[in-house]
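A.B. asks: The structure file model29.txt (compact mmCIF, C-alpha atoms) is provided below.
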# COMPACT_ATOMS: atom_id res chain seq x y z
CA MET A 1 212.87 -40.16 -52.48
CA THR A 2 214.21 -42.64 -55.07
CA SER A 3 210.67 -43.50 -56.12
CA ARG A 4 209.87 -39.80 -56.53
CA PHE A 5 212.79 -39.18 -58.89
CA SER A 6 212.03 -42.42 -60.73
CA THR A 7 208.53 -41.12 -61.45
CA LEU A 8 209.94 -37.78 -62.65
CA ARG A 9 212.27 -39.60 -65.08
CA ARG A 10 209.32 -41.53 -66.50
CA ILE A 11 207.33 -38.40 -67.31
CA PRO A 12 207.56 -37.87 -71.11
CA GLY A 13 209.54 -34.98 -72.58
CA GLY A 14 206.39 -33.54 -74.14
CA VAL A 15 204.93 -32.93 -70.68
CA TRP A 16 208.08 -31.00 -69.68
CA VAL A 17 207.83 -28.85 -72.83
CA ILE A 18 204.17 -28.12 -72.14
CA GLY A 19 205.08 -27.29 -68.55
CA PHE A 20 207.80 -24.79 -69.51
CA VAL A 21 205.52 -23.21 -72.12
CA SER A 22 202.95 -22.76 -69.34
CA LEU A 23 205.67 -21.31 -67.09
CA LEU A 24 206.69 -18.64 -69.62
CA MET A 25 203.11 -17.67 -70.46
CA ASP A 26 202.20 -17.49 -66.79
CA ILE A 27 205.16 -15.22 -66.04
CA SER A 28 203.81 -12.88 -68.70
CA SER A 29 200.16 -13.17 -67.68
CA GLU A 30 200.74 -12.81 -63.94
CA MET A 31 202.98 -9.75 -64.39
CA ILE A 32 199.85 -8.16 -65.83
CA HIS A 33 197.07 -9.79 -63.83
CA CYS A 34 198.59 -9.30 -60.37
CA LEU A 35 198.53 -5.54 -61.02
CA LEU A 36 195.37 -5.35 -63.12
CA PRO A 37 192.78 -4.93 -60.31
CA LEU A 38 194.93 -2.16 -58.81
CA PHE A 39 195.51 -0.55 -62.21
CA MET A 40 191.77 -0.54 -62.92
CA ALA A 41 190.78 0.67 -59.45
CA THR A 42 193.44 3.39 -59.06
CA ALA A 43 194.48 4.51 -62.55
CA LEU A 44 191.13 4.00 -64.31
CA GLY A 45 188.70 4.44 -61.38
CA THR A 46 186.80 1.22 -62.10
CA PRO A 47 184.21 0.10 -59.45
CA VAL A 48 184.85 -3.27 -57.78
CA VAL A 49 181.63 -4.77 -59.16
CA ILE A 50 182.81 -3.93 -62.72
CA ILE A 51 186.21 -5.48 -61.98
CA GLY A 52 184.39 -8.60 -60.82
CA LEU A 53 182.22 -8.59 -63.95
CA ILE A 54 185.24 -8.23 -66.27
CA GLU A 55 187.15 -10.96 -64.43
CA GLY A 56 184.14 -13.26 -64.40
CA LEU A 57 183.33 -12.77 -68.09
CA ALA A 58 186.97 -13.19 -69.08
CA GLU A 59 187.48 -16.40 -67.11
CA ALA A 60 184.09 -17.80 -68.14
CA THR A 61 184.95 -17.12 -71.79
CA ALA A 62 188.25 -18.97 -71.46
CA LEU A 63 186.62 -21.97 -69.85
CA SER A 64 183.67 -22.00 -72.27
CA VAL A 65 185.79 -21.83 -75.43
CA LYS A 66 187.58 -24.98 -74.26
CA VAL A 67 184.54 -27.07 -75.15
CA PHE A 68 184.87 -26.13 -78.84
CA SER A 69 188.64 -26.55 -79.03
CA GLY A 70 188.38 -29.87 -77.18
CA VAL A 71 185.75 -31.17 -79.60
CA ILE A 72 187.76 -30.01 -82.63
CA SER A 73 190.95 -31.64 -81.32
CA ASP A 74 189.10 -34.95 -80.88
CA TYR A 75 187.59 -34.73 -84.36
CA ILE A 76 190.82 -33.96 -86.24
CA GLY A 77 192.98 -36.14 -83.98
CA LYS A 78 195.51 -33.33 -83.49
CA ARG A 79 196.14 -31.08 -80.49
CA LYS A 80 199.31 -29.05 -81.10
CA GLY A 81 198.02 -26.66 -83.78
CA LEU A 82 195.14 -25.51 -81.59
CA ALA A 83 197.50 -25.09 -78.64
CA VAL A 84 199.86 -22.91 -80.72
CA LEU A 85 196.92 -20.79 -81.90
CA GLY A 86 195.73 -20.32 -78.34
CA TYR A 87 199.12 -19.34 -76.97
CA GLY A 88 199.59 -17.03 -79.97
CA LEU A 89 196.40 -15.11 -79.16
CA GLY A 90 197.57 -14.84 -75.56
CA ALA A 91 200.85 -13.32 -76.72
CA ILE A 92 199.15 -10.88 -79.11
CA SER A 93 196.90 -9.59 -76.31
CA LYS A 94 199.77 -8.52 -74.03
CA PRO A 95 200.68 -5.19 -75.71
CA LEU A 96 197.02 -4.13 -75.51
CA PHE A 97 197.18 -3.92 -71.70
CA ALA A 98 200.07 -1.45 -71.90
CA LEU A 99 198.13 0.69 -74.38
CA ALA A 100 194.76 0.60 -72.55
CA SER A 101 193.28 3.89 -71.32
CA THR A 102 189.73 2.73 -70.45
CA SER A 103 188.02 -0.22 -68.77
CA GLY A 104 186.58 -1.14 -72.16
CA MET A 105 190.06 -1.54 -73.65
CA ILE A 106 191.09 -3.68 -70.68
CA PHE A 107 188.00 -5.81 -71.22
CA SER A 108 188.87 -6.30 -74.91
CA ALA A 109 192.45 -7.30 -74.09
CA ARG A 110 191.25 -9.70 -71.37
CA MET A 111 188.78 -11.31 -73.78
CA ILE A 112 191.42 -11.87 -76.49
CA ASP A 113 193.77 -13.30 -73.88
CA ARG A 114 191.11 -15.57 -72.40
CA VAL A 115 189.83 -16.75 -75.79
CA GLY A 116 193.41 -17.81 -76.46
CA LYS A 117 193.53 -19.61 -73.13
CA GLY A 118 190.26 -21.33 -73.95
CA ILE A 119 191.50 -22.50 -77.35
CA ARG A 120 194.70 -24.00 -75.94
CA GLY A 121 193.38 -25.40 -72.65
CA ALA A 122 191.48 -28.58 -73.53
CA PRO A 123 193.87 -29.75 -76.31
CA ARG A 124 196.83 -29.18 -73.97
CA ASP A 125 195.22 -31.05 -71.07
CA ALA A 126 194.19 -33.91 -73.36
CA LEU A 127 197.68 -34.01 -74.89
CA VAL A 128 199.22 -34.57 -71.45
CA ALA A 129 196.98 -37.64 -71.04
CA ASP A 130 197.72 -38.82 -74.61
CA VAL A 131 201.50 -38.95 -74.06
CA THR A 132 201.54 -40.18 -70.43
CA PRO A 133 201.08 -43.77 -69.12
CA PRO A 134 197.85 -44.03 -67.06
CA GLU A 135 199.63 -45.02 -63.83
CA ILE A 136 201.56 -41.71 -63.62
CA ARG A 137 199.01 -39.25 -65.04
CA GLY A 138 198.41 -37.64 -61.66
CA ALA A 139 202.14 -36.97 -61.39
CA ALA A 140 202.25 -35.61 -64.98
CA TYR A 141 199.37 -33.19 -64.36
CA GLY A 142 200.97 -32.22 -61.06
CA LEU A 143 204.31 -31.49 -62.78
CA ARG A 144 202.67 -29.37 -65.47
CA GLN A 145 200.75 -27.51 -62.79
CA THR A 146 203.93 -27.00 -60.75
CA LEU A 147 205.79 -25.44 -63.69
CA ASP A 148 202.73 -23.37 -64.61
CA THR A 149 202.48 -22.10 -61.04
CA MET A 150 206.18 -21.30 -60.82
CA GLY A 151 205.44 -18.76 -63.54
CA ALA A 152 202.50 -17.56 -61.50
CA PHE A 153 204.78 -16.50 -58.64
CA LEU A 154 207.83 -15.46 -60.69
CA GLY A 155 205.58 -13.07 -62.65
CA PRO A 156 204.36 -11.13 -59.58
CA LEU A 157 207.91 -11.10 -58.12
CA LEU A 158 209.21 -9.54 -61.31
CA ALA A 159 206.28 -7.12 -61.33
CA VAL A 160 207.01 -6.03 -57.73
CA GLY A 161 210.69 -5.44 -58.52
CA LEU A 162 209.89 -3.41 -61.61
CA MET A 163 207.17 -1.41 -59.83
CA LEU A 164 209.68 -0.45 -57.12
CA LEU A 165 212.38 0.29 -59.70
CA TRP A 166 210.13 2.36 -61.96
CA SER A 167 208.03 4.17 -59.30
CA ASN A 168 204.73 2.29 -59.83
CA ASP A 169 204.77 2.61 -63.63
CA PHE A 170 202.12 0.01 -64.54
CA ARG A 171 202.50 0.40 -68.29
CA ALA A 172 206.28 -0.13 -68.32
CA VAL A 173 205.79 -3.41 -66.46
CA TYR A 174 203.16 -4.47 -68.98
CA TRP A 175 205.57 -3.90 -71.88
CA VAL A 176 208.16 -6.17 -70.26
CA ALA A 177 205.48 -8.88 -69.96
CA VAL A 178 205.28 -9.10 -73.76
CA VAL A 179 208.68 -10.87 -74.01
CA PRO A 180 208.03 -14.19 -72.18
CA ALA A 181 204.66 -14.53 -73.93
CA PHE A 182 206.25 -14.71 -77.37
CA LEU A 183 209.03 -16.99 -76.09
CA ALA A 184 206.33 -19.43 -74.94
CA VAL A 185 204.81 -19.57 -78.43
CA ALA A 186 208.22 -20.22 -80.00
CA LEU A 187 209.05 -23.01 -77.54
CA LEU A 188 205.74 -24.78 -78.18
CA PHE A 189 206.03 -24.48 -81.96
CA PHE A 190 209.61 -25.76 -82.20
CA GLY A 191 209.91 -27.95 -79.10
CA LEU A 192 206.83 -30.22 -79.03
CA ARG A 193 206.10 -33.30 -81.13
CA GLU A 194 202.69 -34.88 -81.06
CA PRO A 195 202.38 -38.67 -80.71
CA ARG A 196 202.84 -40.42 -84.03
CA THR A 197 199.82 -42.61 -83.44
CA PRO A 198 196.65 -40.66 -84.28
CA VAL A 199 194.51 -39.75 -81.30
CA VAL A 200 191.41 -40.96 -83.15
CA THR A 201 191.20 -43.66 -85.80
CA VAL A 202 187.61 -43.07 -86.97
CA ARG A 203 186.48 -39.48 -87.32
CA THR A 204 182.99 -38.95 -86.01
CA ASN A 205 181.37 -35.89 -84.52
CA PRO A 206 182.40 -35.98 -80.83
CA ILE A 207 179.21 -34.20 -79.73
CA LYS A 208 176.82 -36.61 -81.46
CA LYS A 209 174.30 -38.10 -79.05
CA GLU A 210 175.90 -41.55 -79.05
CA ASN A 211 179.37 -40.10 -78.34
CA LEU A 212 178.09 -37.94 -75.49
CA LYS A 213 176.50 -41.09 -74.04
CA ARG A 214 179.87 -42.85 -74.33
CA LEU A 215 181.38 -40.33 -71.93
CA GLY A 216 179.41 -42.21 -69.28
CA ALA A 217 177.69 -41.28 -66.03
CA ASP A 218 180.96 -41.20 -64.04
CA CYS A 219 182.55 -38.66 -66.38
CA TRP A 220 179.44 -36.47 -66.48
CA TRP A 221 179.32 -36.50 -62.68
CA VAL A 222 182.89 -35.20 -62.47
CA ILE A 223 182.06 -32.53 -65.07
CA ALA A 224 179.04 -31.39 -63.03
CA LEU A 225 181.05 -31.47 -59.81
CA GLY A 226 183.61 -29.16 -61.42
CA GLY A 227 180.85 -26.62 -62.16
CA VAL A 228 179.68 -26.57 -58.54
CA PHE A 229 183.29 -26.50 -57.34
CA THR A 230 184.07 -23.25 -59.19
CA LEU A 231 181.05 -21.55 -57.60
CA ALA A 232 182.99 -21.80 -54.34
CA ARG A 233 186.20 -20.38 -55.82
CA PHE A 234 185.80 -16.93 -57.33
CA SER A 235 188.48 -14.92 -59.15
CA GLU A 236 191.81 -14.46 -57.38
CA ALA A 237 191.53 -10.74 -58.16
CA PHE A 238 189.56 -10.51 -54.90
CA LEU A 239 192.61 -11.72 -52.96
CA VAL A 240 194.54 -8.73 -54.32
CA LEU A 241 191.72 -6.32 -53.45
CA ARG A 242 191.49 -7.80 -49.93
CA ALA A 243 195.22 -7.16 -49.42
CA GLN A 244 194.69 -3.51 -50.40
CA GLU A 245 192.24 -3.14 -47.50
CA VAL A 246 194.89 -3.85 -44.84
CA ASN A 247 197.14 -1.01 -46.03
CA ILE A 248 199.86 -3.05 -47.71
CA SER A 249 202.06 -0.82 -49.89
CA LEU A 250 200.77 -0.63 -53.47
CA ALA A 251 204.02 -1.95 -54.96
CA LEU A 252 204.11 -4.87 -52.50
CA ILE A 253 200.52 -6.09 -52.91
CA PRO A 254 201.49 -8.53 -55.72
CA LEU A 255 203.56 -10.39 -53.08
CA VAL A 256 200.22 -11.71 -51.83
CA MET A 257 199.87 -13.64 -55.08
CA VAL A 258 203.51 -14.70 -54.83
CA ALA A 259 202.78 -16.26 -51.43
CA MET A 260 199.79 -18.15 -52.82
CA ASN A 261 201.59 -19.38 -55.91
CA VAL A 262 204.75 -20.44 -54.07
CA VAL A 263 202.63 -22.74 -51.91
CA TYR A 264 200.65 -23.84 -54.99
CA SER A 265 203.81 -24.61 -56.95
CA LEU A 266 205.52 -26.52 -54.14
CA THR A 267 202.49 -28.73 -53.50
CA ALA A 268 201.01 -29.41 -56.97
CA TYR A 269 203.44 -32.18 -57.98
CA PRO A 270 203.54 -34.01 -54.60
CA PHE A 271 199.75 -34.02 -54.38
CA GLY A 272 199.45 -35.00 -58.05
CA ARG A 273 201.75 -37.95 -57.43
CA LEU A 274 199.82 -38.81 -54.27
CA SER A 275 196.57 -38.86 -56.26
CA ASP A 276 197.91 -41.80 -58.28
CA SER A 277 197.79 -43.98 -55.16
CA ILE A 278 194.93 -42.74 -52.92
CA SER A 279 191.23 -41.93 -53.19
CA HIS A 280 190.51 -38.91 -55.38
CA ARG A 281 187.37 -38.19 -53.40
CA ARG A 282 189.23 -38.06 -50.08
CA LEU A 283 191.87 -35.71 -51.49
CA LEU A 284 189.20 -33.44 -52.96
CA GLN A 285 187.38 -33.29 -49.64
CA ILE A 286 190.55 -32.28 -47.79
CA GLY A 287 191.14 -29.59 -50.41
CA LEU A 288 187.66 -28.17 -49.82
CA LEU A 289 188.25 -28.06 -46.07
CA LEU A 290 191.40 -26.04 -46.75
CA LEU A 291 189.43 -23.59 -48.93
CA ILE A 292 186.85 -23.16 -46.15
CA ALA A 293 189.69 -22.34 -43.75
CA ALA A 294 191.18 -19.87 -46.26
CA ASP A 295 187.84 -18.09 -46.72
CA LEU A 296 187.29 -17.75 -42.97
CA VAL A 297 190.81 -16.41 -42.35
CA LEU A 298 190.49 -13.88 -45.18
CA ALA A 299 187.06 -12.77 -43.96
CA LEU A 300 188.16 -12.24 -40.36
CA SER A 301 191.74 -10.94 -40.69
CA ASN A 302 192.66 -7.27 -40.40
CA SER A 303 196.45 -7.63 -40.63
CA TRP A 304 198.88 -8.46 -43.40
CA GLN A 305 199.95 -11.60 -41.50
CA GLY A 306 196.36 -12.89 -41.58
CA ILE A 307 196.01 -12.11 -45.29
CA ILE A 308 199.24 -14.00 -46.07
CA LEU A 309 198.00 -17.00 -44.04
CA GLY A 310 194.68 -16.95 -45.88
CA VAL A 311 196.22 -16.84 -49.35
CA ALA A 312 198.75 -19.55 -48.35
CA LEU A 313 195.84 -21.83 -47.39
CA TRP A 314 194.19 -20.90 -50.72
CA GLY A 315 197.40 -21.93 -52.51
CA LEU A 316 197.56 -25.24 -50.62
CA HIS A 317 193.98 -25.93 -51.66
CA MET A 318 194.86 -25.17 -55.31
CA GLY A 319 197.89 -27.47 -55.22
CA MET A 320 195.75 -30.28 -53.86
CA THR A 321 192.78 -29.96 -56.23
CA GLN A 322 193.65 -28.43 -59.63
CA GLY A 323 195.63 -31.33 -61.10
CA LEU A 324 193.36 -33.77 -59.26
CA LEU A 325 190.25 -32.66 -61.14
CA ASN A 326 192.12 -33.07 -64.46
CA ALA A 327 193.21 -36.57 -63.43
CA MET A 328 189.59 -37.44 -62.54
CA ILE A 329 188.44 -36.39 -66.02
CA ALA A 330 191.28 -38.34 -67.69
CA ARG A 331 190.38 -41.43 -65.65
CA THR A 332 186.67 -41.41 -66.51
CA ALA A 333 186.66 -40.24 -70.18
CA PRO A 334 187.30 -42.51 -73.22
CA SER A 335 190.68 -41.73 -74.81
CA ASP A 336 189.16 -40.52 -78.12
CA LEU A 337 186.79 -38.15 -76.31
CA ARG A 338 189.18 -36.64 -73.76
CA GLY A 339 189.29 -33.25 -75.47
CA THR A 340 185.49 -33.12 -75.49
CA ALA A 341 185.33 -34.15 -71.82
CA PHE A 342 187.84 -31.48 -70.80
CA GLY A 343 185.88 -28.98 -72.90
CA PHE A 344 182.55 -29.66 -71.20
CA PHE A 345 184.28 -29.70 -67.82
CA SER A 346 185.59 -26.22 -68.59
CA LEU A 347 182.22 -25.03 -69.94
CA LEU A 348 180.44 -25.73 -66.66
CA SER A 349 183.41 -24.42 -64.70
CA GLY A 350 183.23 -21.24 -66.79
CA ALA A 351 179.59 -20.72 -65.89
CA GLY A 352 180.50 -21.27 -62.25
CA VAL A 353 183.35 -18.79 -62.18
CA LEU A 354 181.26 -16.13 -63.96
CA ILE A 355 178.42 -16.42 -61.44
CA ALA A 356 180.88 -16.60 -58.54
CA SER A 357 182.89 -13.53 -59.59
CA ILE A 358 179.84 -11.36 -60.28
CA GLY A 359 178.27 -12.46 -57.00
CA ALA A 360 181.53 -11.83 -55.13
CA GLY A 361 181.74 -8.30 -56.54
CA LEU A 362 178.13 -7.51 -55.63
CA LEU A 363 178.52 -8.84 -52.08
CA TRP A 364 181.74 -6.84 -51.71
CA ASP A 365 180.14 -3.56 -52.84
CA ILE A 366 176.95 -4.01 -50.77
CA TRP A 367 178.08 -5.68 -47.53
CA GLY A 368 181.87 -5.51 -47.62
CA SER A 369 184.72 -7.91 -48.32
CA ALA A 370 184.01 -10.27 -45.41
CA SER A 371 180.63 -11.23 -46.89
CA THR A 372 182.33 -12.35 -50.11
CA PHE A 373 184.57 -14.83 -48.29
CA PHE A 374 181.83 -16.04 -45.92
CA ALA A 375 179.67 -16.83 -48.96
CA GLY A 376 182.58 -18.74 -50.52
CA ALA A 377 182.91 -20.84 -47.36
CA CYS A 378 179.19 -21.69 -47.43
CA LEU A 379 179.42 -22.84 -51.06
CA CYS A 380 182.43 -24.99 -50.13
CA VAL A 381 180.28 -26.79 -47.56
CA LEU A 382 177.68 -27.53 -50.27
CA THR A 383 180.38 -28.88 -52.59
CA LEU A 384 181.81 -30.98 -49.76
CA ILE A 385 178.41 -32.63 -49.29
CA LEU A 386 178.17 -33.38 -53.03
CA THR A 387 181.57 -35.11 -53.06
CA ARG A 388 180.11 -37.86 -50.88
CA PHE A 389 178.29 -39.05 -54.00
CA THR A 390 181.36 -39.12 -56.28
CA PRO A 391 181.28 -42.34 -58.40
CA GLU A 392 183.75 -45.10 -57.53
CA LYS A 393 185.65 -44.89 -60.83
CA ALA A 394 186.34 -41.18 -60.31
CA SER A 395 187.16 -41.52 -56.63
CA ALA A 396 189.37 -44.60 -56.89
Just give me the structure as structure tokens.
C.D. replies:
Amino acid sequence: MTSRFSTLRRIPGGVWVIGFVSLLMDISSEMIHCLLPLFMATALGTPVVIIGLIEGLAEATALSVKVFSGVISDYIGKRKGLAVLGYGLGAISKPLFALASTSGMIFSARMIDRVGKGIRGAPRDALVADVTPPEIRGAAYGLRQTLDTMGAFLGPLLAVGLMLLWSNDFRAVYWVAVVPAFLAVALLFFGLREPRTPVVTVRTNPIKKENLKRLGADCWWVIALGGVFTLARFSEAFLVLRAQEVNISLALIPLVMVAMNVVYSLTAYPFGRLSDSISHRRLLQIGLLLLIAADLVLALSNSWQGIILGVALWGLHMGMTQGLLNAMIARTAPSDLRGTAFGFFSLLSGAGVLIASIGAGLLWDIWGSASTFFAGACLCVLTLILTRFTPEKASA
């Protein structure tokens, strides 16, 4: 216990600021996103395959844009400005959801929001590594993920309360979500100082051939593994739609995401700290086994208790693996190319989540929800096999 609190005290203040910025933005985003599949399906009459397409394109855009923001942050040696721009776009997008009357308007709002997420993601992740000693980076990423995920369950809780209070008024809830988004931008702008030492001393194009070679085989392997990994983990919108199938009250369906994110939040820091002292490969393999179990439970359950168990296992998997993959990139990438490494990692992950979400929507519409989760379990098995070849530097 003493060691745990000692590690927390060593985590730099900048990581805490980034974490609370993530918390506020996630409260805002999850107030909207936990209701969005239901809003589109019930209020706008959008088919599930189109919901999957919108979710896949939006998430893929966010992850793909990271490659450009990561490269730019490495080239200029500064991260904060790009992060502020990204969070600002996220905040600006929030009123558009409340005003939307068509699926096209929702798609536009999602794209603005996800472009903002893409711009801020790689510089933010690289900044955590820049300000944190190597021996506690797993703990630092775990802490940021914990605070981020606290927002991811506080947002749905607030959304549920407001939906009950305001008789399922989606748009009123969306207007409330605007407030924490702009608070996040203000906190980042006024509360975070970048390291005084420049991130790069010689400015060269990070995506020149010689620099891409400097990333090394170990780093490229982790980047590729991340792309395959996301094929097995489609959009969480399908968890919400699965809950709707077991006749959970409309206003209470967001509690499914609360259950997942409570587990995610409670486990992200402990597993991040654990990753500083044990094999990354072993932890990743255990996380994949948990995702297989989650997929099977969600495919086979016909009760709300089974759905809650499935999403809790999904949350445990997320807590074990999300910060871990970031720590693996930080371990294998040169310090002056971290933004670029995180960017390419997100680019391949974006392609994976796009394919996975479109495929999940098609399977759902053609063969039913169970087929979506069975397919996810099969892809997890493939990823599990690939982890056996993880390089020693990444798995140490």
A.B. asks: Taking only C-alpha atoms into account, name the residue in A:Ile278, A:Ala293, A:Leu127, A:Leu82 that is nearest to Val185 of chain A.
C.D. replies: A:Leu82
A.B. asks: What is the distance between atom CA of Phe342 of chain A and atom CA of Ala181 of chain A, in Å to one decimal?
C.D. replies: 24.1 Å
A.B. asks: Just how far from atom CA of His280 of chain A is atom CA of Thr390 of chain A, in Å to one decimal?
C.D. replies: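 Distance between the two atoms: 9.2 Å.
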A.B. asks: One number please: atom CA of Val131 of chain A to atom CA of Val115 of chain A, in Å, one decimal.
C.D. replies: 25.1 Å
A.B. asks: Which residues of segment 79-188 of chain A come within 7 Å of segment 240-253 of chain A, and what is each one's closest atom pair and distance in Å (one decimal), counting all atoms listed in the file, sorted by chain and residue number, as a tab-separated table?
C.D. replies:
residue	atom	partner	partner_atom	distance
A:Val160	CA	A:Ala251	CA	5.8
A:Met163	CA	A:Ala251	CA	5.8
A:Leu164	CA	A:Ala251	CA	6.2
A:Asn168	CA	A:Ala251	CA	6.5
A.B. asks: Restricting the calculation to only C-alpha atoms, which member of A:Asp336, A:Asp295, A:Asp276, A:Asp218 is positioned closest to Phe234 of chain A?
C.D. replies: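 Nearest candidate to Phe234 of chain A out of A:Asp336, A:Asp295, A:Asp276, A:Asp218: A:Asp295.
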A.B. asks: Report as a tab-separated table the residues of segment 292-343 of chain A within 10 Å of segment 70-81 of chain A, each with its shortest atom pair and distance in Å (one decimal), using all atoms listed in the file, ordered by chain and increasing residue number.
C.D. replies:
residue	atom	partner	partner_atom	distance
A:Ser335	CA	A:Asp74	CA	9.2
A:Asp336	CA	A:Asp74	CA	6.2
A:Leu337	CA	A:Asp74	CA	6.0
A:Arg338	CA	A:Asp74	CA	7.3
A:Gly339	CA	A:Gly70	CA	3.9
A:Thr340	CA	A:Val71	CA	4.6
A:Ala341	CA	A:Gly70	CA	7.5
A:Phe342	CA	A:Gly70	CA	6.6
A:Gly343	CA	A:Gly70	CA	5.0
A.B. asks: Using all atoms listed in the file, pick whichever of A:Thr230, A:Gly14, A:Ala43, A:Gly323 has the shortest atom-to-atom distance to Leu382 of chain A.
C.D. replies: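 Among the listed residues, the smallest separation from Leu382 of chain A belongs to A:Thr230.
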